[in-house]
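One file, start-v5.txt, carrying compact mmCIF, C-alpha atoms:
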# COMPACT_ATOMS: atom_id res chain seq x y z
CA MET O 25 44.00 81.34 77.59
CA SER O 26 41.02 82.80 79.48
CA THR O 27 38.88 85.56 77.98
CA THR O 28 40.27 87.98 80.57
CA GLN O 29 43.82 87.03 79.67
CA ARG O 30 43.16 87.52 75.97
CA ILE O 31 41.60 90.94 76.68
CA ARG O 32 44.70 91.91 78.67
CA THR O 33 46.91 90.88 75.75
CA ILE O 34 44.87 93.00 73.31
CA LEU O 35 44.98 95.96 75.71
CA ALA O 36 48.75 95.63 76.01
CA GLU O 37 49.07 95.68 72.23
CA HIS O 38 46.45 98.30 71.29
CA GLY O 39 45.38 100.20 74.42
CA ARG O 40 48.38 102.55 74.70
CA LEU O 41 48.00 102.31 78.48
CA ASP O 42 50.40 103.98 80.85
CA ALA O 43 49.95 100.99 83.16
CA ASP O 44 50.85 97.31 82.73
CA ALA O 45 47.77 95.66 81.18
CA SER O 46 48.64 92.28 82.70
CA ALA O 47 48.60 93.68 86.25
CA LEU O 48 45.73 96.15 85.97
CA ASP O 49 42.72 95.67 88.25
CA GLU O 50 39.74 94.33 86.33
CA ASN O 51 37.65 97.31 87.32
CA ALA O 52 40.31 99.98 86.79
CA ASP O 53 39.25 102.81 84.46
CA LEU O 54 41.13 102.26 81.19
CA TYR O 55 40.61 105.85 80.07
CA GLN O 56 42.19 107.04 83.32
CA ALA O 57 45.01 104.62 82.56
CA GLY O 58 45.76 106.50 79.35
CA MET O 59 43.61 104.85 76.70
CA THR O 60 42.60 107.46 74.11
CA SER O 61 39.43 107.36 72.02
CA HIS O 62 41.46 106.27 68.99
CA ALA O 63 43.18 103.55 71.02
CA SER O 64 39.77 102.29 72.16
CA VAL O 65 38.75 101.95 68.51
CA ASN O 66 41.82 99.82 67.85
CA VAL O 67 41.01 97.72 70.93
CA MET O 68 37.44 97.23 69.65
CA LEU O 69 38.63 96.15 66.19
CA ALA O 70 41.24 93.81 67.70
CA LEU O 71 38.60 92.24 69.98
CA GLU O 72 36.35 91.63 66.98
CA GLY O 73 39.21 89.89 65.19
CA ALA O 74 40.41 87.85 68.16
CA PHE O 75 37.00 86.65 69.34
CA ASP O 76 35.35 86.53 65.91
CA ILE O 77 32.56 88.78 67.11
CA GLU O 78 30.98 91.97 65.86
CA PHE O 79 30.13 94.85 68.16
CA PRO O 80 26.67 96.18 67.28
CA ASP O 81 26.21 99.96 67.24
CA HIS O 82 24.52 100.06 70.65
CA LEU O 83 27.70 98.69 72.25
CA LEU O 84 30.02 101.20 70.56
CA LYS O 85 30.05 103.45 73.57
CA ARG O 86 32.58 104.57 76.11
CA SER O 87 31.25 102.56 79.06
CA VAL O 88 31.61 99.24 77.20
CA PHE O 89 35.38 99.74 76.92
CA GLU O 90 36.03 101.46 80.24
CA SER O 91 37.42 98.45 82.12
CA ILE O 92 38.60 94.88 81.60
CA ALA O 93 35.46 93.62 83.36
CA ALA O 94 33.16 95.72 81.17
CA ILE O 95 34.91 94.51 78.02
CA ARG O 96 34.62 90.90 79.21
CA ASP O 97 30.86 91.33 79.82
CA ALA O 98 30.44 92.64 76.29
CA VAL O 99 32.60 89.92 74.73
CA ASP O 100 30.73 87.22 76.67
CA SER O 101 27.40 88.63 75.51
CA LEU O 102 28.53 88.55 71.87
CA ALA O 103 30.43 85.25 71.80
CA PRO O 104 28.72 82.33 70.07
CA GLN O 105 26.91 80.28 72.71
CA MET N 7 9.81 135.47 55.35
CA PRO N 8 11.87 132.55 54.00
CA ALA N 9 13.12 133.03 50.45
CA THR N 10 11.93 129.59 49.37
CA ALA N 11 10.24 126.58 50.88
CA TYR N 12 12.73 124.52 52.90
CA ASP N 13 13.86 122.54 49.88
CA ALA N 14 17.40 121.95 48.59
CA ALA N 15 16.60 122.14 44.88
CA ALA N 16 14.39 125.22 45.19
CA PHE N 17 16.96 127.05 47.29
CA ALA N 18 19.83 126.14 44.92
CA GLU N 19 17.75 127.38 42.00
CA GLY N 20 16.94 130.60 43.85
CA LEU N 21 20.61 131.33 44.54
CA ARG N 22 21.47 130.69 40.93
CA ARG N 23 18.54 132.65 39.47
CA HIS N 24 19.47 135.70 41.54
CA GLY N 25 23.06 135.46 40.34
CA LEU N 26 24.37 134.91 43.87
CA VAL N 27 26.24 131.71 43.06
CA VAL N 28 27.86 130.48 39.87
CA PRO N 29 27.82 126.69 39.52
CA SER N 30 31.16 125.24 38.41
CA GLY N 31 29.91 121.93 37.10
CA VAL N 32 31.37 120.06 40.08
CA ARG N 33 29.08 119.49 43.04
CA GLY N 34 30.00 121.60 46.05
CA VAL N 35 32.35 123.96 44.17
CA ILE N 36 30.73 127.32 43.44
CA GLY N 37 31.59 130.84 42.40
CA ARG N 38 30.02 133.72 44.28
CA SER N 39 28.75 137.15 43.21
CA ALA N 40 29.76 140.51 44.69
CA VAL N 41 26.48 140.59 46.64
CA PHE N 42 27.17 137.15 48.16
CA GLU N 43 30.72 138.20 49.05
CA GLY N 44 29.40 141.44 50.54
CA VAL N 45 27.34 139.43 53.00
CA VAL N 46 30.30 137.15 53.85
CA THR N 47 32.57 140.15 54.42
CA ALA N 48 29.97 141.99 56.51
CA PHE N 49 29.26 138.99 58.71
CA ASP N 50 32.95 138.36 59.28
CA ALA N 51 33.38 142.01 60.24
CA ALA N 52 30.49 141.67 62.72
CA VAL N 53 32.20 138.68 64.34
CA ARG N 54 35.46 140.59 64.60
CA ARG N 55 33.70 143.55 66.20
CA LEU N 56 32.27 141.14 68.76
CA ALA N 57 35.77 139.80 69.49
CA ARG N 58 37.51 143.18 69.32
CA ASP N 59 38.53 143.29 72.98
CA ASP N 60 39.60 139.65 73.19
CA GLY N 61 43.12 140.34 71.98
CA ALA N 62 43.30 137.44 69.52
CA GLU N 63 46.54 137.13 67.58
CA GLU N 64 45.64 137.31 63.90
CA VAL N 65 47.40 134.90 61.56
CA HIS N 66 46.91 134.08 57.88
CA PHE N 67 47.68 130.86 56.05
CA PRO N 68 47.16 129.70 52.47
CA PRO N 69 44.56 127.01 51.68
CA THR N 70 47.30 124.39 51.70
CA LEU N 71 49.34 123.11 54.63
CA PRO N 72 52.20 120.67 55.18
CA ARG N 73 51.14 117.07 54.68
CA ALA N 74 53.31 116.10 57.65
CA LEU N 75 51.21 118.34 59.90
CA VAL N 76 47.99 116.58 58.86
CA GLU N 77 49.64 113.20 59.31
CA ARG N 78 50.77 114.09 62.85
CA THR N 79 47.30 115.15 63.98
CA GLY N 80 45.71 111.77 63.20
CA TYR N 81 43.34 113.35 60.66
CA MET N 82 43.71 110.37 58.33
CA GLU N 83 42.66 107.99 61.12
CA SER N 84 39.46 109.97 61.62
CA PHE N 85 38.53 111.51 58.26
CA PRO N 86 40.32 109.83 55.32
CA GLN N 87 37.17 110.24 53.23
CA LEU N 88 37.28 114.05 53.57
CA ALA N 89 40.99 114.62 52.94
CA GLY N 90 42.54 116.29 49.94
CA ALA N 91 46.17 115.34 49.38
CA VAL N 92 47.78 117.33 46.56
CA HIS N 93 49.43 115.21 43.88
CA SER N 94 51.51 116.45 40.96
CA PHE N 95 53.67 115.23 38.13
CA PHE N 96 57.31 114.30 38.78
CA GLY N 97 58.20 112.42 35.58
CA SER N 98 60.08 113.05 32.33
CA GLU N 99 58.81 114.88 29.27
CA LEU N 100 58.09 111.55 27.59
CA GLU N 101 56.07 110.45 30.61
CA ALA N 102 54.20 113.77 30.54
CA ARG N 103 53.21 113.04 26.94
CA ALA N 104 51.98 109.60 28.00
CA LEU N 105 49.94 111.17 30.80
CA CYS N 106 48.29 113.58 28.35
CA ALA N 107 47.60 110.71 25.95
CA CYS N 108 45.70 109.03 28.81
CA ILE N 109 43.71 112.20 29.42
CA HIS N 110 42.77 112.58 25.76
CA ALA N 111 41.85 108.91 25.53
CA GLY N 112 39.59 109.29 28.58
CA GLU N 113 41.69 106.86 30.57
CA PRO N 114 42.67 107.14 34.26
CA TRP N 115 45.87 109.13 34.83
CA SER N 116 46.13 109.45 38.60
CA ASP N 117 48.67 106.60 38.79
CA ARG N 118 51.10 108.79 36.82
CA LEU N 119 51.15 111.41 39.59
CA GLY N 120 53.06 111.44 42.83
CA MET N 121 52.30 112.82 46.25
CA THR N 122 53.48 116.35 47.09
CA ASP N 123 54.40 117.74 50.50
CA VAL N 124 51.11 119.62 50.81
CA MET N 125 47.47 118.89 51.50
CA LEU N 126 44.39 121.06 51.21
CA THR N 127 43.67 122.62 54.60
CA PRO N 128 41.02 120.48 56.35
CA ALA N 129 40.25 123.07 59.04
CA VAL N 130 41.46 126.63 59.50
CA CYS N 131 42.76 125.90 62.98
CA TYR N 132 45.19 123.12 61.96
CA PRO N 133 48.17 125.31 60.96
CA VAL N 134 47.66 127.39 64.11
CA TYR N 135 48.37 124.67 66.70
CA PRO N 136 52.10 124.37 65.95
CA THR N 137 52.40 128.11 66.62
CA PHE N 138 51.25 127.44 70.22
CA ALA N 139 54.07 124.96 70.88
CA GLY N 140 55.98 125.53 74.13
CA THR N 141 54.79 126.93 77.45
CA LEU N 142 51.77 129.21 77.40
CA PRO N 143 51.48 132.40 79.45
CA HIS N 144 49.17 132.19 82.52
CA GLU N 145 46.20 133.50 80.58
CA GLY N 146 46.79 131.02 77.76
CA ARG N 147 46.72 132.08 74.12
CA LEU N 148 44.08 133.04 71.59
CA ALA N 149 44.46 133.26 67.82
CA THR N 150 42.12 133.95 64.92
CA SER N 151 42.32 133.08 61.28
CA LEU N 152 40.11 133.14 58.23
CA GLY N 153 40.79 130.67 55.46
CA TRP N 154 39.60 128.22 52.88
CA VAL N 155 39.06 124.63 53.89
CA PHE N 156 38.51 121.53 51.79
CA ARG N 157 36.24 118.59 52.58
CA HIS N 158 35.79 115.87 49.99
CA GLU N 159 32.04 115.42 50.26
CA PRO N 160 30.49 116.25 46.88
CA SER N 161 26.76 116.77 47.29
CA ASP N 162 23.81 118.34 45.52
CA GLU N 163 22.86 120.06 48.77
CA PRO N 164 23.58 123.75 48.11
CA THR N 165 24.86 124.25 51.68
CA ARG N 166 27.37 121.37 51.52
CA LEU N 167 30.45 122.76 49.78
CA GLN N 168 33.77 121.06 49.14
CA SER N 169 35.65 124.37 49.44
CA PHE N 170 34.45 127.02 51.83
CA ARG N 171 35.67 129.60 54.33
CA MET N 172 35.74 129.50 58.07
CA ARG N 173 36.42 132.33 60.51
CA GLU N 174 37.97 130.53 63.42
CA TYR N 175 39.10 131.44 66.91
CA ILE N 176 41.55 129.06 68.54
CA ARG N 177 42.24 128.93 72.27
CA ALA N 178 44.94 127.15 74.25
CA GLY N 179 45.20 127.08 78.03
CA THR N 180 44.15 125.03 81.03
CA PRO N 181 41.07 122.80 80.70
CA ASP N 182 39.02 125.27 82.76
CA GLN N 183 40.15 128.21 80.63
CA VAL N 184 39.33 126.66 77.28
CA VAL N 185 35.97 125.18 78.36
CA ALA N 186 34.83 128.48 79.89
CA TRP N 187 35.94 130.27 76.72
CA ARG N 188 34.09 127.83 74.48
CA ASN N 189 30.88 128.04 76.53
CA ASP N 190 31.06 131.83 76.59
CA TRP N 191 31.49 131.99 72.80
CA LEU N 192 28.54 129.65 72.24
CA GLU N 193 26.33 132.25 73.94
CA ARG N 194 27.97 135.15 72.08
CA ALA N 195 27.50 133.44 68.73
CA LEU N 196 23.86 132.65 69.47
CA GLY N 197 23.38 136.31 70.44
CA LEU N 198 24.90 137.57 67.19
CA LEU N 199 22.94 135.16 65.01
CA ARG N 200 19.68 135.97 66.81
CA ALA N 201 20.38 139.66 66.27
CA LEU N 202 20.49 138.72 62.59
CA GLU N 203 17.00 137.25 63.09
CA LEU N 204 18.10 133.73 62.24
CA PRO N 205 16.01 130.97 63.92
CA VAL N 206 19.06 129.31 65.51
CA ARG N 207 19.45 126.73 68.23
CA SER N 208 22.49 124.94 69.60
CA ASP N 209 22.93 121.22 70.06
CA ILE N 210 25.52 118.62 70.99
CA ALA N 211 27.15 117.30 67.83
CA ASN N 212 29.75 114.90 66.49
CA ASP N 213 32.23 114.99 63.65
CA PRO N 214 31.67 112.74 60.59
CA PHE N 215 34.29 110.16 61.64
CA PHE N 216 35.02 107.39 59.14
CA GLY N 217 33.84 103.80 59.43
CA LYS N 218 32.68 101.66 62.32
CA GLY N 219 35.47 102.93 64.55
CA GLY N 220 34.21 106.37 63.63
CA ARG N 221 30.76 105.59 64.99
CA MET N 222 32.44 104.77 68.28
CA LEU N 223 34.44 108.02 68.19
CA ALA N 224 31.24 109.93 67.45
CA VAL N 225 29.47 108.39 70.46
CA ASN N 226 32.50 109.18 72.63
CA GLN N 227 32.48 112.77 71.41
CA ARG N 228 28.77 113.21 72.17
CA GLU N 229 28.97 111.49 75.58
CA GLN N 230 31.73 113.87 76.60
CA GLN N 231 29.98 116.90 75.03
CA LEU N 232 33.14 117.86 73.16
CA LYS N 233 31.35 119.44 70.21
CA PHE N 234 28.43 121.85 69.94
CA GLU N 235 26.93 123.25 66.78
CA VAL N 236 24.63 126.13 66.05
CA LEU N 237 21.91 124.98 63.68
CA VAL N 238 19.49 126.89 61.48
CA PRO N 239 16.93 125.67 58.94
CA VAL N 240 18.13 126.48 55.41
CA ILE N 241 17.09 123.64 53.12
CA SER N 242 15.16 121.59 55.68
CA GLU N 243 13.28 122.28 58.90
CA GLU N 244 13.74 118.73 60.18
CA ALA N 245 17.49 118.60 59.47
CA PRO N 246 18.78 122.14 60.08
CA THR N 247 22.18 123.22 58.77
CA ALA N 248 25.19 123.64 61.07
CA ILE N 249 26.62 127.13 60.66
CA CYS N 250 29.02 127.29 63.63
CA SER N 251 30.85 124.69 65.65
CA PHE N 252 32.50 124.82 69.05
CA ASN N 253 35.05 122.13 69.74
CA TRP N 254 36.98 121.10 72.82
CA HIS N 255 39.89 118.84 71.83
CA GLN N 256 40.99 118.12 75.41
CA ASP N 257 44.77 117.50 75.14
CA LYS N 258 44.75 115.98 71.64
CA PHE N 259 46.49 118.79 69.73
CA ALA N 260 48.49 119.92 72.75
CA THR N 261 50.04 116.46 73.06
CA VAL N 262 50.88 116.28 69.35
CA PHE N 263 52.43 119.76 69.19
CA GLY N 264 53.92 120.04 72.68
CA ILE N 265 51.72 122.80 74.09
CA HIS N 266 52.06 123.22 77.86
CA ALA N 267 50.09 125.34 80.31
CA ALA N 268 51.97 127.81 82.48
CA ASP N 269 52.14 125.24 85.31
CA GLY N 270 53.92 122.80 83.01
CA ALA N 271 50.97 120.41 82.58
CA ILE N 272 49.93 119.47 79.08
CA ALA N 273 47.51 122.15 77.84
CA ASN N 274 44.02 121.84 76.40
CA THR N 275 42.78 123.46 73.20
CA ALA N 276 39.41 124.48 71.82
CA CYS N 277 38.31 126.17 68.64
CA LEU N 278 35.20 127.68 67.19
CA GLY N 279 34.38 128.26 63.58
CA PHE N 280 31.80 130.24 61.65
CA GLY N 281 31.00 128.67 58.27
CA LEU N 282 30.83 131.86 56.24
CA GLU N 283 29.17 130.60 53.05
CA ARG N 284 26.56 128.72 55.06
CA ILE N 285 25.81 131.77 57.20
CA ALA N 286 25.38 133.89 54.06
CA MET N 287 23.03 131.22 52.67
CA ALA N 288 21.10 131.08 55.95
CA LEU N 289 20.62 134.86 55.74
CA PHE N 290 19.44 134.65 52.12
CA GLN N 291 16.99 131.91 53.07
CA ALA N 292 15.71 133.77 56.15
CA HIS N 293 15.42 137.25 54.64
CA GLY N 294 15.29 136.87 50.86
CA PHE N 295 17.77 136.93 48.01
CA ASP N 296 18.19 140.74 47.97
CA PRO N 297 20.08 142.10 51.01
CA ALA N 298 18.84 145.63 50.21
CA GLN N 299 15.38 144.37 51.23
CA TRP N 300 16.47 142.73 54.49
CA PRO N 301 14.98 144.03 57.77
CA ALA N 302 16.62 147.24 58.93
CA ALA N 303 17.66 145.66 62.25
CA VAL N 304 19.53 142.92 60.39
CA ARG N 305 21.19 145.39 58.02
CA ASP N 306 22.25 147.53 60.99
CA VAL N 307 24.15 144.60 62.50
CA LEU N 308 25.88 143.76 59.22
CA TRP N 309 26.45 147.28 57.90
CA PRO N 310 26.56 149.57 60.97

For this file, produce the structure as structure tokens.
Amino acid sequence: MSTTQRIRTILAEHGRLDADASALDENADLYQAGMTSHASVNVMLALEGAFDIEFPDHLLKRSVFESIAAIRDAVDSLAPQ
Amino acid sequence: MPATAYDAAAFAEGLRRHGLVVPSGVRGVIGRSAVFEGVVTAFDAAVRRLARDDGAEEVHFPPTLPRALVERTGYMESFPQLAGAVHSFFGSELEARALCACIHAGEPWSDRLGMTDVMLTPAVCYPVYPTFAGTLPHEGRLATSLGWVFRHEPSDEPTRLQSFRMREYIRAGTPDQVVAWRNDWLERALGLLRALELPVRSDIANDPFFGKGGRMLAVNQREQQLKFEVLVPVISEEAPTAICSFNWHQDKFATVFGIHAADGAIANTACLGFGLERIAMALFQAHGFDPAQWPAAVRDVLWP
């Protein structure tokens, strides 16, 4: 499964989105799509578990989790090379 | 003229030596003298004079609230380390004897207790939100309450109490209504505190959310400017003490409790709180331990 696909799966499970995570545009604003602050925390923790990564403090901000593309950039930057 | 150098131990000792506070033996749990209470009462009255024409509905609650209410708000997701859940004994007489035997033997006994239906009130505004449920009038609603709150954060800092009082105002309405109200009150509060000759400033703030997820929530809260505090040096000039907070919850509580604006949309809420013990302490630090010696202008605001 691609990174994007795995992110969509995590969003579907933890993002509490009003929209269908599998069909959402990569650049769509997830907060606009209904993701609350608490849901974004659950998404972050689920991403850490699924990708075996750890978000450093400087990435624990709203913009990092605002879209599928932004999440993928962060995951790619943290994944073991 | 500050009562002491900006130093936690010196200030704590000053409060104690002047008989203003009575240590209990547990950090952050204090008794207070009549003079201390006189300052708390006078400051609260000054706030209420300021808000006299606002038409706030006054409501009073005990320092406990339904556990189910706390559970619904998501408090345990954000602040499990601060919560106080009341436990009591539900067993037989024989089991009670066994519990006491544990106590006398110096052994743990919490596993012999069970959870009750109540928690210690974490913030004065919490029991107010359910009273806003339903559709608000066009102008929204405004309530006020004074009560005891509990935060499990034992500390030697004299200003960090586990049990303390807040005078809160709680607003529900449209987003524009509650944000305008919050911003207006920030200026009013700064005006009142400056009239009391306290060296205050306001700043963007965040709540002490738990854990790594909490750091993310804190950044979110600051980025969106959801919380402001009024700060004043009491025990440190570099790390001033928060004595008021102004919080915009967006639709968080409104969604949980079913609060709708007049147009049917989900409402927004905001609250502001004055930390009464901390404000009294800030006044003692700024003007000395004897209120009879405080500047006349300050006394006139408190005791008109």

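In this structure, CA of Val92 (chain N) sits 24.3 Å away from CA of Leu282 (chain N).
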
Practice task
Find the residues near Thr47 (chain N): any atom within 12 Å, counting only C-alpha atoms, skip ones fewer than 2 places away on the same chain, and give them as a list in words.
Solution key: Ala40, Val41, Phe42, Glu43, Gly44, Val45, Phe49, Asp50, Ala51, Ala52, Val53, Arg54, Leu152, Arg171, Met172, Arg173, Leu282, Glu283, Ile285, Ala286, Leu308 and Trp309 of chain N

Residues just named, written with C-alpha atoms as a short mmCIF file (atom, residue, chain, number, x, y, z; two decimals), in the frame of the given file:
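Output saved as part21.cif:
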data_model
loop_
_atom_site.label_atom_id
_atom_site.label_comp_id
_atom_site.auth_asym_id
_atom_site.auth_seq_id
_atom_site.Cartn_x
_atom_site.Cartn_y
_atom_site.Cartn_z
CA ALA N 40 29.76 140.51 44.69
CA VAL N 41 26.48 140.59 46.64
CA PHE N 42 27.17 137.15 48.16
CA GLU N 43 30.72 138.20 49.05
CA GLY N 44 29.40 141.44 50.54
CA VAL N 45 27.34 139.43 53.00
CA PHE N 49 29.26 138.99 58.71
CA ASP N 50 32.95 138.36 59.28
CA ALA N 51 33.38 142.01 60.24
CA ALA N 52 30.49 141.67 62.72
CA VAL N 53 32.20 138.68 64.34
CA ARG N 54 35.46 140.59 64.60
CA LEU N 152 40.11 133.14 58.23
CA ARG N 171 35.67 129.60 54.33
CA MET N 172 35.74 129.50 58.07
CA ARG N 173 36.42 132.33 60.51
CA LEU N 282 30.83 131.86 56.24
CA GLU N 283 29.17 130.60 53.05
CA ILE N 285 25.81 131.77 57.20
CA ALA N 286 25.38 133.89 54.06
CA LEU N 308 25.88 143.76 59.22
CA TRP N 309 26.45 147.28 57.90
#

Wanna dump the chain O-chain N contacts at 7 Å for me, each residue with its shortest atom pair and the distance in Å to one decimal, counting all atoms listed in the file, ordered by chain and number, as a Markdown table?
| residue | atom | partner | partner_atom | distance |
| --- | --- | --- | --- | --- |
| O:Ser61 | CA | N:Leu223 | CA | 6.3 |
| O:Val65 | CA | N:Gly219 | CA | 5.2 |
| O:Leu84 | CA | N:Met222 | CA | 4.9 |
| O:Lys85 | CA | N:Val225 | CA | 5.9 |
| O:Arg86 | CA | N:Asn226 | CA | 5.8 |

Dump of C-alpha atoms for the selected residues, as a compact mmCIF listing (two decimals), in the coordinates of the input:
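Result went into selection_29.txt, see below:
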# COMPACT_ATOMS: atom_id res chain seq x y z
CA SER O 61 39.43 107.36 72.02
CA VAL O 65 38.75 101.95 68.51
CA LEU O 84 30.02 101.20 70.56
CA LYS O 85 30.05 103.45 73.57
CA ARG O 86 32.58 104.57 76.11

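CA of Asp182 (chain N) is found 10.9 Å from CA of Gly146 (chain N).
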
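Of the listed residues (N:Ser151, N:Ser251, N:Thr180, N:Thr165), N:Thr180 comes nearest to Thr275 (chain N); the distances count only C-alpha atoms.
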
Handout entry: Pairwise distance for CA of Ile272 (chain N) and CA of Gly58 (chain O), rounded to one decimal in Å
Key = 13.6 Å

Handout entry: Shell around region 85-91 of chain N at 8 Å using only C-alpha atoms, local window under 3 positions removed, as a count of residues only
Key = 17

Exercise for the section: Excluding region 27-42 of chain O and residues on its chain fewer than 4 positions from it, collect all residues at most 12 Å away from it, counting only C-alpha atoms, and give them as a ChimeraX atom specification. Expected result: /O:46-75,89-100,103

Handout entry: Non-local contacts of Gly279 (chain N) (12 Å; only C-alpha atoms; under 3 positions in same chain excluded) as a VMD selection string
Key = chain N and resid 50 53 129 to 131 150 to 155 170 to 177 188 191 to 192 195 233 to 236 248 to 254 276 282 to 285

Take region 145-175 of chain N from the block and save it with C-alpha atoms, as a PDB file, in the first residue's frame.
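Final output, saved to result-v6.pdb:
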ATOM      1  CA  GLU N 145     -28.284  38.131  21.929  1.00  0.00           C
ATOM      2  CA  GLY N 146     -26.927  34.819  23.213  1.00  0.00           C
ATOM      3  CA  ARG N 147     -26.590  34.102  26.915  1.00  0.00           C
ATOM      4  CA  LEU N 148     -24.272  35.163  29.713  1.00  0.00           C
ATOM      5  CA  ALA N 149     -23.866  33.534  33.127  1.00  0.00           C
ATOM      6  CA  THR N 150     -21.599  34.078  36.103  1.00  0.00           C
ATOM      7  CA  SER N 151     -20.525  31.809  38.887  1.00  0.00           C
ATOM      8  CA  LEU N 152     -18.018  31.762  41.705  1.00  0.00           C
ATOM      9  CA  GLY N 153     -16.762  28.437  42.945  1.00  0.00           C
ATOM     10  CA  TRP N 154     -13.971  26.202  44.110  1.00  0.00           C
ATOM     11  CA  VAL N 155     -11.976  24.294  41.548  1.00  0.00           C
ATOM     12  CA  PHE N 156      -9.516  21.450  41.952  1.00  0.00           C
ATOM     13  CA  ARG N 157      -6.328  20.865  39.976  1.00  0.00           C
ATOM     14  CA  HIS N 158      -4.039  18.035  40.986  1.00  0.00           C
ATOM     15  CA  GLU N 159      -0.719  19.841  40.703  1.00  0.00           C
ATOM     16  CA  PRO N 160       0.927  19.863  44.139  1.00  0.00           C
ATOM     17  CA  SER N 161       3.712  22.430  44.204  1.00  0.00           C
ATOM     18  CA  ASP N 162       5.807  24.425  46.632  1.00  0.00           C
ATOM     19  CA  GLU N 163       5.035  27.556  44.632  1.00  0.00           C
ATOM     20  CA  PRO N 164       2.753  29.583  46.922  1.00  0.00           C
ATOM     21  CA  THR N 165       0.639  30.755  43.953  1.00  0.00           C
ATOM     22  CA  ARG N 166      -0.012  27.230  42.623  1.00  0.00           C
ATOM     23  CA  LEU N 167      -2.900  25.860  44.667  1.00  0.00           C
ATOM     24  CA  GLN N 168      -4.709  22.554  44.281  1.00  0.00           C
ATOM     25  CA  SER N 169      -7.994  24.076  45.498  1.00  0.00           C
ATOM     26  CA  PHE N 170      -8.819  27.663  44.697  1.00  0.00           C
ATOM     27  CA  ARG N 171     -11.680  29.941  43.665  1.00  0.00           C
ATOM     28  CA  MET N 172     -12.512  31.402  40.322  1.00  0.00           C
ATOM     29  CA  ARG N 173     -15.026  34.122  39.482  1.00  0.00           C
ATOM     30  CA  GLU N 174     -16.087  33.195  35.994  1.00  0.00           C
ATOM     31  CA  TYR N 175     -18.262  34.718  33.311  1.00  0.00           C
TER      32      TYR N 175
END
